[in-house]
>>> print(open('upload-v5.cif').read())   # mmCIF, C-alpha atoms
data_structure
loop_
_atom_site.label_atom_id
_atom_site.label_comp_id
_atom_site.auth_asym_id
_atom_site.auth_seq_id
_atom_site.Cartn_x
_atom_site.Cartn_y
_atom_site.Cartn_z
CA MET Z 673 61.79 6.12 -11.11
CA ARG Z 674 59.10 8.80 -10.65
CA GLY Z 675 59.55 9.87 -14.25
CA THR Z 676 58.82 6.32 -15.38
CA PHE Z 677 55.55 6.25 -13.46
CA VAL Z 678 54.53 9.60 -14.97
CA VAL Z 679 55.16 8.28 -18.46
CA ILE Z 680 53.24 5.07 -17.75
CA GLY Z 681 50.36 7.08 -16.32
CA LEU Z 682 50.20 9.30 -19.38
CA LEU Z 683 50.25 6.32 -21.72
CA MET Z 684 47.45 4.67 -19.77
CA SER Z 685 45.34 7.81 -20.01
CA ILE Z 686 45.50 7.50 -23.80
CA LEU Z 687 44.18 3.95 -23.48
CA ALA Z 688 41.30 5.18 -21.33
CA GLN Z 689 40.09 7.46 -24.09
CA ALA Z 690 40.32 4.73 -26.68
CA THR Z 691 37.63 2.58 -25.05
CA PRO Z 692 34.16 4.02 -25.64
CA VAL Z 693 31.56 3.62 -22.92
CA ASN Z 694 28.82 2.53 -25.33
CA PRO Z 695 30.40 0.48 -28.13
CA VAL Z 696 28.52 0.30 -31.40
CA GLU Z 697 28.41 -2.07 -34.35
CA MET Z 698 29.06 -0.35 -37.65
CA PRO Z 699 29.97 -1.81 -41.05
CA ASN Z 700 33.16 0.24 -41.39
CA ASP Z 701 35.59 2.34 -39.39
CA THR Z 702 34.73 5.65 -41.04
CA LEU Z 703 31.10 5.36 -39.96
CA LYS Z 704 32.22 4.29 -36.51
CA ALA Z 705 34.48 7.32 -36.17
CA ARG Z 706 31.72 9.66 -37.38
CA TYR Z 707 29.32 8.06 -34.91
CA TYR Z 708 31.63 8.60 -31.94
CA ASP Z 709 32.37 12.16 -33.02
CA LEU Z 710 28.70 13.02 -33.39
CA ILE Z 711 27.57 11.58 -30.08
CA ALA Z 712 30.39 13.44 -28.37
CA GLU Z 713 29.31 16.79 -29.78
CA LEU Z 714 25.57 16.43 -29.16
CA ARG Z 715 24.09 17.32 -25.82
CA CYS Z 716 21.79 15.01 -23.88
CA PRO Z 717 18.41 16.79 -23.59
CA GLN Z 718 17.64 15.33 -20.19
CA CYS Z 719 21.02 15.54 -18.44
CA LEU Z 720 21.85 19.13 -19.16
CA ASN Z 721 25.62 18.90 -18.90
CA THR Z 722 26.39 15.56 -20.52
CA ASN Z 723 26.89 14.65 -24.13
CA LEU Z 724 25.05 11.78 -25.78
CA ALA Z 725 28.13 9.59 -25.44
CA GLY Z 726 28.23 9.83 -21.66
CA SER Z 727 24.55 9.78 -20.77
CA ASP Z 728 22.47 6.82 -19.63
CA ALA Z 729 19.15 8.63 -19.98
CA MET Z 730 16.57 6.83 -22.08
CA ILE Z 731 16.34 9.70 -24.54
CA ALA Z 732 20.13 9.64 -24.95
CA GLN Z 733 19.96 5.95 -25.81
CA ASN Z 734 17.23 6.71 -28.34
CA LEU Z 735 19.24 9.55 -29.83
CA ARG Z 736 22.41 7.45 -30.11
CA GLU Z 737 20.36 4.85 -31.94
CA THR Z 738 18.91 7.62 -34.12
CA VAL Z 739 22.39 8.87 -35.02
CA ARG Z 740 23.44 5.31 -35.82
CA ARG Z 741 20.37 4.73 -37.99
CA LEU Z 742 20.84 8.00 -39.89
CA LEU Z 743 24.52 7.22 -40.49
CA LEU Z 744 23.60 3.81 -41.89
CA GLU Z 745 21.03 5.51 -44.13
CA GLY Z 746 23.90 7.50 -45.61
CA LYS Z 747 23.10 10.92 -44.13
CA THR Z 748 25.91 13.45 -43.85
CA ASP Z 749 26.99 14.89 -40.49
CA ALA Z 750 25.31 18.17 -41.40
CA GLU Z 751 22.05 16.42 -42.24
CA ILE Z 752 22.12 14.56 -38.92
CA ARG Z 753 22.74 17.76 -36.99
CA THR Z 754 19.87 19.43 -38.85
CA PHE Z 755 17.57 16.48 -38.13
CA LEU Z 756 18.20 16.78 -34.40
CA PHE Z 757 18.16 20.56 -34.45
CA GLU Z 758 14.68 20.50 -36.03
CA ARG Z 759 13.42 18.50 -33.07
CA TYR Z 760 15.42 19.89 -30.16
CA GLY Z 761 16.67 23.30 -31.19
CA ASP Z 762 20.01 24.99 -30.56
CA PHE Z 763 20.27 23.33 -27.21
CA ILE Z 764 21.27 19.94 -28.55
CA LEU Z 765 24.36 21.33 -30.26
CA TYR Z 766 27.25 22.17 -27.97
CA ASP Z 767 28.44 24.65 -30.58
CA PRO Z 768 25.54 27.06 -31.14
CA ARG Z 769 24.98 28.13 -34.72
CA TRP Z 770 25.93 31.56 -36.01
CA THR Z 771 22.74 33.61 -35.78
CA PRO Z 772 22.08 37.23 -34.82
CA GLN Z 773 21.21 35.99 -31.34
CA THR Z 774 24.43 34.12 -30.85
CA TRP Z 775 27.01 36.41 -32.45
CA LEU Z 776 27.48 38.04 -29.06
CA LEU Z 777 28.10 34.63 -27.54
CA TRP Z 778 30.73 33.82 -30.12
CA GLY Z 779 32.21 37.31 -30.42
CA THR Z 780 32.53 38.45 -26.81
CA PRO Z 781 35.66 36.42 -26.02
CA PHE Z 782 37.38 38.00 -29.02
CA LEU Z 783 36.14 41.44 -27.99
CA PHE Z 784 37.58 40.91 -24.55
CA ALA Z 785 40.86 39.67 -25.97
CA VAL Z 786 41.13 42.78 -28.16
CA LEU Z 787 40.21 45.01 -25.22
CA GLY Z 788 42.80 43.32 -23.03
CA LEU Z 789 45.50 43.73 -25.65
CA TRP Z 790 44.64 47.42 -26.06
CA ILE Z 791 44.86 48.05 -22.34
CA TRP Z 792 48.18 46.21 -22.19
CA PHE Z 793 49.60 48.35 -25.01
CA ARG Z 794 48.41 51.54 -23.34
CA ILE Z 795 50.07 50.57 -20.07
CA ASN Z 796 53.32 49.71 -21.84
CA GLN Z 797 53.28 53.01 -23.76
CA ARG Z 798 53.42 54.97 -20.53
CA ALA Z 799 56.21 52.83 -19.14
CA TYR Z 800 58.49 53.58 -22.12
CA GLN Z 801 57.80 57.29 -22.36
CA GLY Z 802 60.95 58.17 -20.42
CA PRO Z 803 61.37 61.20 -18.19
CA LYS Z 804 59.07 64.15 -18.91
CA ALA Z 805 60.71 67.33 -20.23
CA LEU Z 806 60.98 70.06 -17.58
CA ASP Z 807 58.81 73.16 -17.92
CA PRO Z 808 60.48 76.72 -17.52
CA GLU Z 809 59.72 76.99 -13.78
CA GLU Z 810 61.29 73.62 -13.07
CA GLN Z 811 64.26 74.47 -15.31
CA ASP Z 812 64.98 77.59 -13.16
CA LYS Z 813 64.80 75.57 -9.96
CA LEU Z 814 67.21 73.04 -11.40
CA LYS Z 815 69.62 75.83 -12.48
CA GLN Z 816 69.50 77.28 -8.97
CA LEU Z 817 70.23 73.91 -7.36
CA LEU Z 818 73.13 73.23 -9.73
CA ASP Z 819 74.60 76.72 -9.25
CA LYS Z 820 74.49 76.33 -5.48
CA GLY Z 821 76.37 73.08 -5.32
CA MET H 36 48.02 57.30 -14.41
CA SER H 37 45.45 59.68 -15.81
CA LYS H 38 41.87 59.57 -14.53
CA PRO H 39 40.05 58.42 -17.69
CA SER H 40 41.91 55.08 -17.98
CA VAL H 41 41.12 54.24 -14.35
CA LEU H 42 37.46 54.28 -15.32
CA ILE H 43 37.82 51.80 -18.18
CA PRO H 44 37.69 48.60 -16.09
CA ILE H 45 34.73 50.02 -14.16
CA VAL H 46 32.88 50.87 -17.36
CA VAL H 47 33.63 47.47 -18.84
CA PHE H 48 32.44 45.79 -15.66
CA ALA H 49 29.24 47.84 -15.60
CA ALA H 50 28.58 47.00 -19.24
CA LEU H 51 29.16 43.32 -18.50
CA VAL H 52 26.76 43.42 -15.55
CA ALA H 53 24.12 45.05 -17.73
CA LEU H 54 24.64 42.58 -20.56
CA LEU H 55 24.54 39.49 -18.35
CA GLY H 56 21.68 40.83 -16.25
CA PHE H 57 19.68 41.19 -19.42
CA GLY H 58 20.84 38.00 -21.10
CA PHE H 59 20.30 35.67 -18.16
CA ARG H 60 16.74 36.87 -17.82
CA LEU H 61 15.85 36.15 -21.43
CA SER H 62 14.83 32.60 -20.63
CA ASP H 63 15.12 30.05 -17.88
CA PRO H 64 17.71 27.51 -19.10
CA ARG H 65 15.77 24.79 -17.34
CA LEU H 66 12.70 25.55 -19.45
CA LEU H 67 13.69 23.65 -22.53
CA PRO H 68 12.13 25.15 -25.65
CA SER H 69 9.75 23.13 -27.76
CA GLU H 70 10.52 23.21 -31.45
CA ASN H 71 7.20 21.83 -32.60
CA LEU H 72 4.62 24.21 -31.17
CA GLY H 73 2.21 24.99 -33.97
CA GLU H 74 3.36 21.97 -35.94
CA PRO H 75 1.31 18.84 -36.60
CA ILE H 76 1.99 15.60 -34.76
CA PRO H 77 4.86 13.90 -36.63
CA ALA H 78 3.94 11.01 -38.90
CA PHE H 79 4.23 7.58 -37.33
CA GLN H 80 3.02 4.01 -37.65
CA LEU H 81 2.93 2.26 -34.28
CA PRO H 82 0.85 -0.52 -32.79
CA ASN H 83 -1.98 0.03 -30.35
CA LEU H 84 -0.92 -1.22 -26.90
CA LEU H 85 -4.03 -3.31 -26.23
CA THR H 86 -5.24 -4.34 -29.70
CA GLY H 87 -1.95 -4.46 -31.61
CA ARG H 88 -3.58 -2.65 -34.55
CA LEU H 89 -1.23 -0.27 -36.39
CA MET H 90 -2.12 3.36 -35.80
CA THR H 91 -0.97 6.56 -37.50
CA GLU H 92 -1.06 10.27 -36.76
CA ALA H 93 -4.42 10.43 -38.54
CA ASP H 94 -5.94 8.46 -35.65
CA LEU H 95 -5.02 11.37 -33.39
CA THR H 96 -7.32 13.95 -34.96
CA GLY H 97 -10.98 14.67 -34.37
CA GLU H 98 -11.02 16.33 -30.98
CA PRO H 99 -8.51 18.10 -28.75
CA PHE H 100 -6.59 15.85 -26.35
CA LEU H 101 -3.58 15.44 -24.11
CA LEU H 102 -0.77 13.30 -25.50
CA ASN H 103 0.97 11.77 -22.52
CA VAL H 104 4.39 10.11 -22.81
CA TRP H 105 4.79 7.50 -20.08
CA ALA H 106 6.55 4.25 -19.19
CA THR H 107 6.54 1.62 -16.45
CA TRP H 108 10.20 2.34 -15.65
CA CYS H 109 9.34 5.97 -14.89
CA PRO H 110 8.44 6.43 -11.19
CA SER H 111 7.01 9.93 -11.70
CA CYS H 112 4.52 8.44 -14.13
CA VAL H 113 2.97 6.48 -11.27
CA ALA H 114 2.61 9.72 -9.33
CA GLU H 115 1.07 11.40 -12.35
CA HIS H 116 -1.42 8.64 -13.05
CA ASP H 117 -3.92 9.63 -10.38
CA ALA H 118 -3.93 13.23 -11.57
CA LEU H 119 -4.52 12.10 -15.16
CA THR H 120 -7.36 9.88 -14.04
CA ALA H 121 -8.93 12.80 -12.18
CA ILE H 122 -8.47 15.12 -15.16
CA HIS H 123 -10.22 12.63 -17.39
CA THR H 124 -13.11 11.73 -15.08
CA GLN H 125 -13.79 15.23 -13.72
CA TYR H 126 -13.19 17.34 -16.81
CA GLY H 127 -13.90 14.83 -19.55
CA VAL H 128 -10.51 15.39 -21.20
CA LYS H 129 -9.40 12.88 -23.82
CA ILE H 130 -5.95 11.48 -23.06
CA ILE H 131 -3.87 9.42 -25.50
CA GLY H 132 -0.79 7.62 -24.28
CA VAL H 133 2.61 7.05 -25.86
CA ASN H 134 4.12 4.06 -24.15
CA TYR H 135 7.76 5.03 -24.41
CA ASN H 136 10.61 2.54 -24.69
CA ASP H 137 8.75 0.02 -22.64
CA ASP H 138 7.79 -3.64 -22.39
CA VAL H 139 4.28 -4.28 -23.71
CA ASP H 140 3.39 -6.90 -21.10
CA ALA H 141 4.66 -4.78 -18.24
CA ALA H 142 2.72 -1.81 -19.60
CA ARG H 143 -0.53 -3.78 -19.81
CA ARG H 144 -0.12 -5.09 -16.26
CA TRP H 145 0.65 -1.56 -15.05
CA LEU H 146 -2.60 -0.29 -16.52
CA GLU H 147 -4.57 -3.19 -15.08
CA GLN H 148 -3.23 -2.36 -11.63
CA LEU H 149 -3.54 1.41 -11.78
CA GLY H 150 -6.52 1.83 -14.06
CA ASP H 151 -6.66 3.20 -17.58
CA PRO H 152 -8.21 6.66 -18.15
CA TYR H 153 -6.62 6.87 -21.60
CA ALA H 154 -8.58 6.56 -24.84
CA PHE H 155 -5.78 4.32 -26.16
CA HIS H 156 -1.99 4.00 -26.22
CA VAL H 157 0.53 3.67 -29.02
CA VAL H 158 3.61 1.57 -28.38
CA ASP H 159 6.78 3.58 -29.10
CA ALA H 160 9.16 0.72 -28.37
CA GLU H 161 12.22 2.27 -30.07
CA GLY H 162 11.49 5.84 -29.04
CA THR H 163 11.30 7.04 -32.65
CA LEU H 164 8.06 8.97 -32.08
CA ALA H 165 9.53 10.44 -28.89
CA VAL H 166 12.59 11.71 -30.78
CA ASP H 167 10.37 13.17 -33.51
CA LEU H 168 8.33 14.90 -30.81
CA GLY H 169 11.48 16.32 -29.24
CA VAL H 170 10.77 14.57 -25.97
CA TYR H 171 13.30 15.04 -23.15
CA GLY H 172 12.08 12.19 -20.97
CA ALA H 173 9.05 10.70 -19.31
CA PRO H 174 6.61 11.99 -18.22
CA GLU H 175 5.86 14.62 -20.79
CA THR H 176 2.46 15.85 -21.96
CA PHE H 177 1.47 17.69 -25.12
CA VAL H 178 -1.76 19.60 -25.69
CA VAL H 179 -3.02 18.85 -29.22
CA ASN H 180 -6.00 20.37 -30.98
CA ALA H 181 -8.63 18.63 -33.09
CA GLU H 182 -6.61 19.09 -36.29
CA GLY H 183 -3.62 17.36 -34.74
CA THR H 184 -1.57 20.52 -34.18
CA ILE H 185 0.66 20.67 -31.09
CA LEU H 186 -0.30 23.68 -29.01
CA TYR H 187 1.80 23.25 -25.88
CA ARG H 188 4.31 20.96 -24.21
CA HIS H 189 4.58 20.33 -20.48
CA VAL H 190 7.77 18.63 -19.28
CA GLY H 191 7.40 16.65 -16.07
CA VAL H 192 4.55 15.49 -13.92
CA VAL H 193 1.07 16.77 -14.70
CA THR H 194 -0.96 17.67 -11.63
CA GLU H 195 -4.49 18.99 -11.37
CA GLY H 196 -2.88 22.37 -10.68
CA VAL H 197 -0.89 22.21 -13.91
CA TYR H 198 -4.05 21.27 -15.75
CA GLN H 199 -6.09 24.10 -14.29
CA ASP H 200 -3.36 26.71 -14.65
CA THR H 201 -2.08 25.88 -18.11
CA LEU H 202 -3.31 22.84 -19.97
CA ALA H 203 -7.00 23.73 -19.69
CA THR H 204 -6.37 27.09 -21.36
CA TYR H 205 -4.75 25.48 -24.38
CA LEU H 206 -7.42 22.82 -24.62
CA ALA H 207 -10.10 25.49 -24.47
CA GLN H 208 -8.37 27.54 -27.18
CA ASP H 209 -9.44 25.00 -29.69
CA SER H 210 -13.07 24.49 -28.72
CA MET H 211 -13.68 28.24 -29.07
CA GLY H 212 -12.83 27.91 -32.73
CA GLY H 213 -9.61 29.87 -32.35
CA SER H 214 -5.84 29.05 -32.66
#
>>> encode(input="upload-v5.cif", output="structure tokens")
Amino acid sequence: MRGTFVVIGLLMSILAQATPVNPVEMPNDTLKARYYDLIAELRCPQCLNTNLAGSDAMIAQNLRETVRRLLLEGKTDAEIRTFLFERYGDFILYDPRWTPQTWLLWGTPFLFAVLGLWIWFRINQRAYQGPKALDPEEQDKLKQLLDKG
Amino acid sequence: MSKPSVLIPIVVFAALVALLGFGFRLSDPRLLPSENLGEPIPAFQLPNLLTGRLMTEADLTGEPFLLNVWATWCPSCVAEHDALTAIHTQYGVKIIGVNYNDDVDAARRWLEQLGDPYAFHVVDAEGTLAVDLGVYGAPETFVVNAEGTILYRHVGVVTEGVYQDTLATYLAQDSMGGS
């Protein structure tokens, strides 16, 4: 019975994502899909942690309309991103561009992953080294102990 | 475990502290950068709020001024209005308004009630000029020189303090023949 409810809940969550908060009128489904993708990946300038899709700020409304207008004019996604970037800078893109200033931002997670893997290998190396060979002094002690018993 | 590898996490941590300590100081994330400093006012064709006559960016040249983005639905703009009036009457500063995403009748009534220290207003009903200016919201004020070049952008309410501390400097830049 519980399993059924879990499945129903999961199916309903899919429905929740299918209904956009701010529906838009577009001549075809491709444009509509591009519109929803773009406004999900662009940041609202006024509400610092919301995308254009989820923001009620006036500027977000204006920018959604701008994206819609540019799509209807036949602009590509790259051209639209450039248009907004020219006016608002890196900040409006959730994915910052690859520039000398941002390579650290992009690269550090990979650097940390590599560092972590290296440390893990080093720790494992020691674990599999097996018993250390005895030096001459310790060999004599061992001989003495064995001879005794 | 040999001593050197004990130090690695400490070294990594210290490096991280140094990196973040430096990086987080580079700029205040709340100070949103302005992409159009040094650029001319973007081209536009919008009606004058009171006369209805179509105006363009060419009407915004001739002398340095403050370009103030405001709207009747913006409560901070009411707070700012008195300061703008004072800045105009006491310091003789020219102020041009961008009525942003607003209702023309409501805007006219608003100005009748509160007074109008502006030289004139352009009606940006769709917010297209605001987007071209890179506006984040109302109120927002730009300092523009006589050639129509944007010198500075102030996000938020303008007070007499803001004017004296910052805006006046940029306005003066132009009248000294510099910039």
>>> interface_residues(input="upload-v5.cif", of="chain Z", to="chain H", cutoff="9 Å", atoms="all atoms listed in the file", output="ChimeraX atom specification")
/Z:716-718,720,729-732,734-735,737-738,756-761,763,791,798
>>> residues_around(input="upload-v5.cif", residues="region 80-90 of chain H", least_positions_apart="2", cutoff="10 Å", atoms="all atoms listed in the file", output="ChimeraX atom specification")
/H:78,92-95,132-134,139-140,142-143,155-160,163-164
>>> write_last_selection(input="upload-v5.cif", atoms="C-alpha atoms", output="JSON list (two decimals), keeping the file's coordinate frame")
[["chain", "number", "residue", "atom", "x", "y", "z"],
["H", 78, "ALA", "CA", 3.94, 11.01, -38.90],
["H", 92, "GLU", "CA", -1.06, 10.27, -36.76],
["H", 93, "ALA", "CA", -4.42, 10.43, -38.54],
["H", 94, "ASP", "CA", -5.94, 8.46, -35.65],
["H", 95, "LEU", "CA", -5.02, 11.37, -33.39],
["H", 132, "GLY", "CA", -0.79, 7.62, -24.28],
["H", 133, "VAL", "CA", 2.61, 7.05, -25.86],
["H", 134, "ASN", "CA", 4.12, 4.06, -24.15],
["H", 139, "VAL", "CA", 4.28, -4.28, -23.71],
["H", 140, "ASP", "CA", 3.39, -6.90, -21.10],
["H", 142, "ALA", "CA", 2.72, -1.81, -19.60],
["H", 143, "ARG", "CA", -0.53, -3.78, -19.81],
["H", 155, "PHE", "CA", -5.78, 4.32, -26.16],
["H", 156, "HIS", "CA", -1.99, 4.00, -26.22],
["H", 157, "VAL", "CA", 0.53, 3.67, -29.02],
["H", 158, "VAL", "CA", 3.61, 1.57, -28.38],
["H", 159, "ASP", "CA", 6.78, 3.58, -29.10],
["H", 160, "ALA", "CA", 9.16, 0.72, -28.37],
["H", 163, "THR", "CA", 11.30, 7.04, -32.65],
["H", 164, "LEU", "CA", 8.06, 8.97, -32.08]]
>>> closest_residue(input="upload-v5.cif", among="Z:Trp790, Z:Tyr766, Z:Phe755, Z:Trp775", to="Leu724 (chain Z)", atoms="only C-alpha atoms")
Z:Tyr766
>>> resolve_selection(input="upload-v5.cif", expression="the PyMOL selection byres ((chain Z and resi 710) around 12)", output="PyMOL selection string")
chain Z and resi 703-709+711-716+723-725+735-740+742-743+748-753+756+764-767
>>> residues_around(input="upload-v5.cif", residues="Leu55 (chain H)", least_positions_apart="5", cutoff="12 Å", atoms="only C-alpha atoms", output="number ranges by chain")
Z: 776-777, 780; H: 48-50, 60-61
>>> atom_distance(input="upload-v5.cif", atom1="CA of Ile185 (chain H)", atom2="CA of Cys112 (chain H)")
21.3 Å
>>> atom_distance(input="upload-v5.cif", atom1="CA of Ile122 (chain H)", atom2="CA of Tyr205 (chain H)")
14.4 Å
>>> atom_distance(input="upload-v5.cif", atom1="CA of Gln733 (chain Z)", atom2="CA of Val190 (chain H)")
18.8 Å
>>> closest_residue(input="upload-v5.cif", among="H:Val178, H:Ala154, H:Ala106, H:Val193", to="Ile130 (chain H)", atoms="all atoms listed in the file")
H:Ala154
>>> resolve_selection(input="upload-v5.cif", expression="the PyMOL selection byres ((chain H and resi 202) around 9)", output="PyMOL selection string")
chain H and resi 101+177-178+187-189+197-201+203-207
>>> closest_residue(input="upload-v5.cif", among="H:Thr124, H:His116, H:Asn180, H:Thr107", to="Ala141 (chain H)", atoms="only C-alpha atoms")
H:Thr107
>>> closest_residue(input="upload-v5.cif", among="H:Leu102, H:Leu146, H:Leu42, H:Val113", to="Val128 (chain H)", atoms="all atoms listed in the file")
H:Leu102
>>> closest_residue(input="upload-v5.cif", among="H:Gly73, H:Gly196, H:Pro174, H:Phe59", to="Trp108 (chain H)", atoms="only C-alpha atoms")
H:Pro174
>>> decode(input="upload-v5.cif", residues="region 107-155 of chain H", atoms="C-alpha atoms", output="PDB file, in the first residue's frame")
ATOM      1  CA  THR H 107       4.210  54.779  -9.135  1.00  0.00           C
ATOM      2  CA  TRP H 108       4.221  51.132  -7.997  1.00  0.00           C
ATOM      3  CA  CYS H 109       7.647  51.630  -6.403  1.00  0.00           C
ATOM      4  CA  PRO H 110       7.323  52.776  -2.763  1.00  0.00           C
ATOM      5  CA  SER H 111      11.001  53.748  -2.458  1.00  0.00           C
ATOM      6  CA  CYS H 112      10.476  56.184  -5.313  1.00  0.00           C
ATOM      7  CA  VAL H 113       8.110  58.180  -3.105  1.00  0.00           C
ATOM      8  CA  ALA H 114      10.808  58.321  -0.451  1.00  0.00           C
ATOM      9  CA  GLU H 115      13.352  59.408  -3.030  1.00  0.00           C
ATOM     10  CA  HIS H 116      11.188  62.126  -4.521  1.00  0.00           C
ATOM     11  CA  ASP H 117      11.831  64.711  -1.819  1.00  0.00           C
ATOM     12  CA  ALA H 118      15.585  64.214  -2.085  1.00  0.00           C
ATOM     13  CA  LEU H 119      15.436  64.623  -5.869  1.00  0.00           C
ATOM     14  CA  THR H 120      13.404  67.787  -5.484  1.00  0.00           C
ATOM     15  CA  ALA H 121      15.974  69.162  -3.039  1.00  0.00           C
ATOM     16  CA  ILE H 122      18.854  68.191  -5.325  1.00  0.00           C
ATOM     17  CA  HIS H 123      17.219  70.030  -8.189  1.00  0.00           C
ATOM     18  CA  THR H 124      16.186  73.185  -6.329  1.00  0.00           C
ATOM     19  CA  GLN H 125      19.312  73.562  -4.182  1.00  0.00           C
ATOM     20  CA  TYR H 126      22.004  72.474  -6.610  1.00  0.00           C
ATOM     21  CA  GLY H 127      20.341  73.238  -9.922  1.00  0.00           C
ATOM     22  CA  VAL H 128      20.828  69.688 -11.203  1.00  0.00           C
ATOM     23  CA  LYS H 129      18.889  68.663 -14.302  1.00  0.00           C
ATOM     24  CA  ILE H 130      16.910  65.461 -13.742  1.00  0.00           C
ATOM     25  CA  ILE H 131      15.243  63.446 -16.498  1.00  0.00           C
ATOM     26  CA  GLY H 132      12.809  60.705 -15.604  1.00  0.00           C
ATOM     27  CA  VAL H 133      12.199  57.272 -17.099  1.00  0.00           C
ATOM     28  CA  ASN H 134       8.709  56.254 -16.106  1.00  0.00           C
ATOM     29  CA  TYR H 135       9.234  52.518 -15.933  1.00  0.00           C
ATOM     30  CA  ASN H 136       6.523  49.962 -16.670  1.00  0.00           C
ATOM     31  CA  ASP H 137       3.854  52.263 -15.413  1.00  0.00           C
ATOM     32  CA  ASP H 138       0.406  53.650 -16.125  1.00  0.00           C
ATOM     33  CA  VAL H 139       0.566  57.095 -17.735  1.00  0.00           C
ATOM     34  CA  ASP H 140      -2.468  58.493 -15.912  1.00  0.00           C
ATOM     35  CA  ALA H 141      -1.276  57.225 -12.548  1.00  0.00           C
ATOM     36  CA  ALA H 142       2.157  58.693 -13.231  1.00  0.00           C
ATOM     37  CA  ARG H 143       0.739  62.120 -14.093  1.00  0.00           C
ATOM     38  CA  ARG H 144      -1.424  62.149 -10.963  1.00  0.00           C
ATOM     39  CA  TRP H 145       1.587  61.084  -8.877  1.00  0.00           C
ATOM     40  CA  LEU H 146       3.584  64.037 -10.150  1.00  0.00           C
ATOM     41  CA  GLU H 147       0.713  66.435  -9.578  1.00  0.00           C
ATOM     42  CA  GLN H 148       0.507  65.301  -5.965  1.00  0.00           C
ATOM     43  CA  LEU H 149       4.209  65.166  -5.190  1.00  0.00           C
ATOM     44  CA  GLY H 150       5.548  67.876  -7.452  1.00  0.00           C
ATOM     45  CA  ASP H 151       7.733  67.569 -10.522  1.00  0.00           C
ATOM     46  CA  PRO H 152      11.394  68.659 -10.301  1.00  0.00           C
ATOM     47  CA  TYR H 153      12.210  66.775 -13.498  1.00  0.00           C
ATOM     48  CA  ALA H 154      12.949  68.487 -16.814  1.00  0.00           C
ATOM     49  CA  PHE H 155      10.745  65.868 -18.502  1.00  0.00           C
TER      50      PHE H 155
END
